[in-house]
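Structure below is model-v3.cif: mmCIF, C-alpha atoms.
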data_my_file
#
loop_
_atom_site.group_PDB
_atom_site.id
_atom_site.type_symbol
_atom_site.label_atom_id
_atom_site.label_comp_id
_atom_site.auth_asym_id
_atom_site.auth_seq_id
_atom_site.Cartn_x
_atom_site.Cartn_y
_atom_site.Cartn_z
ATOM 1 C CA MET I 73 21.531 1.801 -13.010
ATOM 2 C CA PRO I 74 24.342 3.341 -10.945
ATOM 3 C CA GLU I 75 24.934 1.493 -7.711
ATOM 4 C CA ILE I 76 25.295 4.626 -5.584
ATOM 5 C CA VAL I 77 21.743 5.653 -6.509
ATOM 6 C CA LEU I 78 20.419 2.299 -5.336
ATOM 7 C CA VAL I 79 22.341 2.503 -2.055
ATOM 8 C CA ILE I 80 21.000 5.998 -1.370
ATOM 9 C CA ALA I 81 17.464 4.898 -2.274
ATOM 10 C CA LEU I 82 17.772 1.897 0.063
ATOM 11 C CA GLY I 83 18.875 4.131 2.938
ATOM 12 C CA TRP I 84 16.110 6.634 2.284
ATOM 13 C CA THR I 85 13.462 3.909 2.153
ATOM 14 C CA THR I 86 14.755 2.559 5.461
ATOM 15 C CA LEU I 87 14.261 6.022 6.953
ATOM 16 C CA LEU I 88 10.725 6.050 5.532
ATOM 17 C CA VAL I 89 10.032 2.666 7.170
ATOM 18 C CA VAL I 90 11.219 4.092 10.497
ATOM 19 C CA ALA I 91 8.877 7.062 10.047
ATOM 20 C CA GLY I 92 6.060 4.600 9.268
ATOM 21 C CA GLY I 93 6.837 2.832 12.557
ATOM 22 C CA VAL I 94 6.492 6.171 14.350
ATOM 23 C CA LEU I 95 3.131 6.611 12.625
ATOM 24 C CA LEU I 96 2.066 3.132 13.776
ATOM 25 C CA LEU I 97 3.080 3.898 17.363
ATOM 26 C CA ARG I 98 1.230 7.224 17.290
ATOM 27 C CA ALA I 99 -2.038 5.689 16.046
ATOM 28 C CA ASP I 100 -4.720 5.834 18.722
ATOM 29 C CA ASP I 101 -7.444 3.947 16.870
ATOM 30 C CA MET I 102 -7.897 0.576 15.175
ATOM 31 C CA LEU I 103 -8.520 2.036 11.711
ATOM 32 C CA HIS I 104 -5.446 4.248 11.974
ATOM 33 C CA ARG I 105 -3.415 1.161 12.860
ATOM 34 C CA ILE I 106 -4.830 -0.788 9.910
ATOM 35 C CA LEU I 107 -3.973 2.086 7.569
ATOM 36 C CA ALA I 108 -0.469 2.460 9.007
ATOM 37 C CA LEU I 109 0.224 -1.276 8.648
ATOM 38 C CA ASP I 110 -1.040 -1.258 5.053
ATOM 39 C CA MET I 111 1.224 1.680 4.235
ATOM 40 C CA LEU I 112 4.151 0.013 6.022
ATOM 41 C CA VAL I 113 3.753 -3.092 3.850
ATOM 42 C CA SER I 114 3.830 -0.875 0.741
ATOM 43 C CA LEU I 115 7.079 0.657 1.955
ATOM 44 C CA ILE I 116 8.563 -2.796 2.624
ATOM 45 C CA ILE I 117 7.587 -3.881 -0.904
ATOM 46 C CA VAL I 118 9.520 -0.853 -2.187
ATOM 47 C CA LEU I 119 12.448 -1.787 0.085
ATOM 48 C CA LEU I 120 12.557 -5.387 -1.178
ATOM 49 C CA THR I 121 12.315 -4.195 -4.786
ATOM 50 C CA ILE I 122 15.276 -1.846 -4.403
ATOM 51 C CA LEU I 123 17.214 -4.616 -2.623
ATOM 52 C CA SER I 124 16.485 -6.905 -5.551
ATOM 53 C CA TYR I 125 17.823 -4.310 -8.020
ATOM 54 C CA LEU I 126 20.912 -3.809 -5.899
ATOM 55 C CA ASN I 127 21.798 -7.495 -5.527
ATOM 56 C CA ASP I 128 20.619 -8.317 -9.063
ATOM 57 C CA VAL I 129 18.590 -11.342 -7.936
ATOM 58 C CA SER I 130 14.860 -11.850 -8.362
ATOM 59 C CA TYR I 131 13.751 -13.836 -5.351
ATOM 60 C CA TYR I 132 13.244 -10.857 -3.067
ATOM 61 C CA LEU I 133 10.374 -9.938 -5.373
ATOM 62 C CA ASP I 134 8.632 -13.248 -4.671
ATOM 63 C CA ALA I 135 8.693 -12.368 -0.973
ATOM 64 C CA ALA I 136 7.303 -8.945 -1.866
ATOM 65 C CA LEU I 137 4.456 -10.544 -3.839
ATOM 66 C CA ALA I 138 3.540 -12.869 -0.970
ATOM 67 C CA LEU I 139 3.651 -9.909 1.423
ATOM 68 C CA ALA I 140 1.337 -7.878 -0.830
ATOM 69 C CA LEU I 141 -1.138 -10.777 -0.997
ATOM 70 C CA LEU I 142 -1.150 -11.258 2.789
ATOM 71 C CA SER I 143 -1.463 -7.527 3.423
ATOM 72 C CA PHE I 144 -4.450 -7.215 1.085
ATOM 73 C CA THR I 145 -6.317 -10.067 2.773
ATOM 74 C CA ALA I 146 -5.445 -8.828 6.256
ATOM 75 C CA THR I 147 -6.618 -5.293 5.515
ATOM 76 C CA LEU I 148 -9.943 -6.458 4.100
ATOM 77 C CA VAL I 149 -10.607 -8.806 7.034
ATOM 78 C CA ALA I 150 -9.592 -6.241 9.658
ATOM 79 C CA ALA I 151 -11.809 -3.565 8.083
ATOM 80 C CA ARG I 152 -14.738 -6.000 8.127
ATOM 81 C CA TYR I 153 -13.956 -6.751 11.752
ATOM 82 C CA VAL I 154 -14.197 -3.050 12.572
ATOM 83 C CA ILE I 155 -17.620 -2.815 10.925
ATOM 84 C CA ARG I 156 -19.242 -6.027 12.122
ATOM 85 C CA GLY I 157 -17.389 -7.113 15.221
ATOM 86 C CA ARG I 158 -16.484 -10.396 13.556
ATOM 87 C CA PRO I 159 -14.270 -11.048 10.532
ATOM 88 C CA PHE I 160 -16.746 -12.927 8.301
ATOM 89 C CA MET D 205 24.711 6.823 -25.077
ATOM 90 C CA LEU D 206 21.699 4.569 -24.668
ATOM 91 C CA ASP D 207 23.086 3.260 -21.402
ATOM 92 C CA ALA D 208 23.402 6.790 -20.069
ATOM 93 C CA ALA D 209 19.843 7.628 -21.110
ATOM 94 C CA VAL D 210 18.497 4.481 -19.397
ATOM 95 C CA ALA D 211 20.486 5.289 -16.244
ATOM 96 C CA VAL D 212 19.190 8.860 -16.092
ATOM 97 C CA LEU D 213 15.603 7.801 -16.771
ATOM 98 C CA SER D 214 15.616 5.023 -14.184
ATOM 99 C CA THR D 215 17.219 7.290 -11.601
ATOM 100 C CA GLY D 216 14.511 9.849 -12.284
ATOM 101 C CA PHE D 217 11.736 7.270 -11.887
ATOM 102 C CA LEU D 218 13.220 5.924 -8.654
ATOM 103 C CA GLY D 219 13.707 9.423 -7.259
ATOM 104 C CA LEU D 220 10.191 10.462 -8.198
ATOM 105 C CA GLY D 221 8.752 7.354 -6.548
ATOM 106 C CA LEU D 222 10.664 7.947 -3.340
ATOM 107 C CA LEU D 223 9.682 11.631 -3.404
ATOM 108 C CA LEU D 224 5.999 10.684 -3.678
ATOM 109 C CA ALA D 225 6.407 8.186 -0.826
ATOM 110 C CA THR D 226 8.003 10.897 1.319
ATOM 111 C CA ILE D 227 5.196 13.351 0.551
ATOM 112 C CA GLY D 228 2.569 10.739 1.372
ATOM 113 C CA LEU D 229 4.248 9.817 4.645
ATOM 114 C CA TYR D 230 4.524 13.493 5.597
ATOM 115 C CA GLY D 231 0.805 13.862 4.967
ATOM 116 C CA LEU D 232 0.072 10.783 7.055
ATOM 117 C CA LEU D 233 2.138 12.095 9.958
ATOM 118 C CA ARG D 234 0.673 15.590 9.680
ATOM 119 C CA GLN D 235 -3.048 14.842 9.446
ATOM 120 C CA ARG D 236 -5.091 13.077 12.117
ATOM 121 C CA GLU D 237 -8.412 12.653 10.280
ATOM 122 C CA ILE D 238 -8.820 9.133 8.841
ATOM 123 C CA PHE D 239 -10.253 10.237 5.468
ATOM 124 C CA VAL D 240 -7.447 12.758 4.896
ATOM 125 C CA GLN D 241 -4.981 10.039 5.902
ATOM 126 C CA LEU D 242 -6.515 7.725 3.299
ATOM 127 C CA HIS D 243 -5.825 10.360 0.656
ATOM 128 C CA ALA D 244 -2.170 10.505 1.679
ATOM 129 C CA ALA D 245 -1.820 6.712 1.984
ATOM 130 C CA GLY D 246 -3.126 6.268 -1.558
ATOM 131 C CA LEU D 247 -0.085 8.177 -2.782
ATOM 132 C CA ILE D 248 2.255 5.630 -1.178
ATOM 133 C CA SER D 249 0.474 2.405 -2.071
ATOM 134 C CA GLY D 250 -0.402 3.551 -5.600
ATOM 135 C CA PRO D 251 1.945 5.805 -7.630
ATOM 136 C CA ALA D 252 5.057 5.521 -5.428
ATOM 137 C CA SER D 253 5.109 1.704 -5.476
ATOM 138 C CA LEU D 254 4.307 1.615 -9.193
ATOM 139 C CA LEU D 255 7.109 4.028 -10.093
ATOM 140 C CA VAL D 256 9.664 2.036 -8.108
ATOM 141 C CA LEU D 257 8.435 -1.222 -9.638
ATOM 142 C CA ILE D 258 8.512 0.184 -13.185
ATOM 143 C CA THR D 259 12.175 1.075 -12.644
ATOM 144 C CA SER D 260 12.847 -2.681 -12.993
ATOM 145 C CA LEU D 261 12.805 -2.189 -16.787
ATOM 146 C CA ALA D 262 16.252 -0.586 -16.447
ATOM 147 C CA THR D 263 17.839 -3.687 -14.896
ATOM 148 C CA GLY D 264 17.517 -5.716 -18.089
ATOM 149 C CA ARG D 265 17.059 -9.004 -16.226
ATOM 150 C CA ALA D 266 14.054 -11.005 -17.413
ATOM 151 C CA GLU D 267 13.250 -12.607 -14.024
ATOM 152 C CA ILE D 268 13.313 -9.284 -12.192
ATOM 153 C CA ILE D 269 11.183 -7.552 -14.827
ATOM 154 C CA THR D 270 8.493 -10.261 -14.904
ATOM 155 C CA SER D 271 8.259 -10.461 -11.106
ATOM 156 C CA ALA D 272 8.166 -6.685 -10.748
ATOM 157 C CA LEU D 273 5.481 -6.246 -13.393
ATOM 158 C CA LEU D 274 3.431 -9.004 -11.725
ATOM 159 C CA ILE D 275 3.652 -7.159 -8.409
ATOM 160 C CA ALA D 276 2.804 -3.879 -10.186
ATOM 161 C CA ALA D 277 -0.373 -5.406 -11.668
ATOM 162 C CA PHE D 278 -1.304 -6.866 -8.290
ATOM 163 C CA VAL D 279 -0.750 -3.549 -6.499
ATOM 164 C CA LEU D 280 -2.724 -1.735 -9.203
ATOM 165 C CA VAL D 281 -5.706 -4.017 -8.533
ATOM 166 C CA THR D 282 -5.570 -4.359 -4.752
ATOM 167 C CA ALA D 283 -4.514 -0.893 -3.525
ATOM 168 C CA PRO D 284 -7.885 0.765 -4.333
ATOM 169 C CA LEU D 285 -9.768 -2.212 -2.906
ATOM 170 C CA SER D 286 -8.068 -2.147 0.486
ATOM 171 C CA SER D 287 -8.277 1.647 0.603
ATOM 172 C CA HIS D 288 -11.998 1.404 -0.155
ATOM 173 C CA ALA D 289 -12.478 -1.184 2.600
ATOM 174 C CA VAL D 290 -10.817 1.054 5.206
ATOM 175 C CA GLY D 291 -12.793 4.086 4.017
ATOM 176 C CA ARG D 292 -16.085 2.200 4.135
ATOM 177 C CA ALA D 293 -15.338 0.943 7.637
ATOM 178 C CA ALA D 294 -14.598 4.499 8.797
ATOM 179 C CA LEU D 295 -17.776 5.799 7.160
ATOM 180 C CA ARG D 296 -19.990 3.071 8.685
ATOM 181 C CA ARG D 297 -18.480 3.646 12.083
ATOM 182 C CA SER D 298 -18.936 7.411 11.918
ATOM 183 C CA GLN D 299 -22.537 7.111 10.709
ATOM 184 C CA ALA D 300 -23.771 4.508 13.194
ATOM 185 C CA PRO D 301 -21.560 4.178 16.256
ATOM 186 C CA ASP D 302 -23.953 2.042 18.299
ATOM 187 C CA GLU D 303 -25.439 -0.031 15.478
ATOM 188 C CA PRO D 304 -25.790 -3.814 16.063
ATOM 189 C CA ASP D 305 -24.049 -6.378 13.877
ATOM 190 C CA ASP D 306 -25.744 -6.101 10.496
ATOM 191 C CA PRO D 307 -26.998 -2.615 9.607
ATOM 192 C CA VAL D 308 -28.581 -3.672 6.298
ATOM 193 C CA PRO D 309 -32.390 -3.283 6.598
ATOM 194 C CA GLU D 310 -34.726 -6.206 5.928
ATOM 195 C CA GLN D 311 -35.980 -6.427 2.371
ATOM 196 C CA PRO D 312 -39.597 -7.502 1.764
ATOM 197 C CA ASP D 313 -40.300 -10.376 -0.632
ATOM 198 C CA HIS D 314 -41.101 -9.786 -4.270
ATOM 199 C CA ASP D 315 -44.850 -10.270 -3.823
ATOM 200 C CA GLY D 316 -44.961 -7.549 -1.186
ATOM 201 C CA VAL D 317 -45.392 -9.898 1.812
ATOM 202 C CA SER D 318 -42.679 -9.601 4.400
ATOM 203 C CA SER D 319 -40.855 -12.819 5.148
ATOM 204 C CA ARG D 320 -41.385 -12.573 8.880
#

Could you quickly redo this structure as structure tokens?
Amino acid sequence: MPEIVLVIALGWTTLLVVAGGVLLLRADDMLHRILALDMLVSLIIVLLTILSYLNDVSYYLDAALALALLSFTATLVAARYVIRGRPF
Amino acid sequence: MLDAAVAVLSTGFLGLGLLLATIGLYGLLRQREIFVQLHAAGLISGPASLLVLITSLATGRAEIITSALLIAAFVLVTAPLSSHAVGRAALRRSQAPDEPDDPVPEQPDHDGVSSR
């Protein structure tokens, strides 16, 4: 893969993460915040993946996997908290 | 020849994934309703992430490809589940705003006699 493409993709994904931060700051509700954080973690997984392609090492992807696992659990627990008032 | 084809294909996949992520984020910023926002967020956490992760096939490194495909499988399983959890929470909250803790009604026993 050409390196210039990866650099441009990395910059563009960083801009998307900034826009996701704006979305998180604009959220006026707990569910909107949960959704924005979930989407932000997806964008950071994309960012780490592109960084891994660019540097040609694989251990950024392990961080991305751990982040995906934590984000899944956190979203489920927070959504349950919104329904019930307690996480479990 | 083959190298050029792989480069073009991977660039196309990466560009398509980032385009889908941009469209989804635009929808999220544009709409204020939570269910419409869920529709837009599904575009980011589903197809956009998968397209970027599938691009790993072009790197040709075994460690990167296995890790990326593992993350792709995980995202494929968990993205609908978390989206469903948020949607169900929004639906419950919109249906019964002042409901106490557990809105599930009491079920009678099998022999027809209520337990309490």

Applying 9 Å and only C-alpha atoms, which residues near stretch 107-109 of chain I remain after dropping the ones on its own chain fewer than 2 positions away? List them as a PyMOL selection string.
(chain I and resi 92-93+95-96+99+102-105+111-114+143+147) or (chain D and resi 232+238+241-242+245+287+290)

Can you check which residues of chain D have any atom within 8 Å of chain I? Use all atoms listed in the file and format it as a PyMOL selection string.
chain D and resi 210-211+214-215+218-219+222+225-226+229+232-233+238+242+245+248-249+253+256-257+260+262-263+267-268+271-272+275+278-279+282-283+286+289-290+293-294+296-297+304-306

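Rounded to one decimal, atom CA of D:Ile269 and atom CA of D:Leu213 lie 16.1 Å from each other.
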
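Note that atom CA of D:Gly221 and atom CA of D:Gly246 are 12.9 Å apart.
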
Do you have the atom CA of D:Gly291-atom CA of D:Leu274 distance handy?
26.1 Å
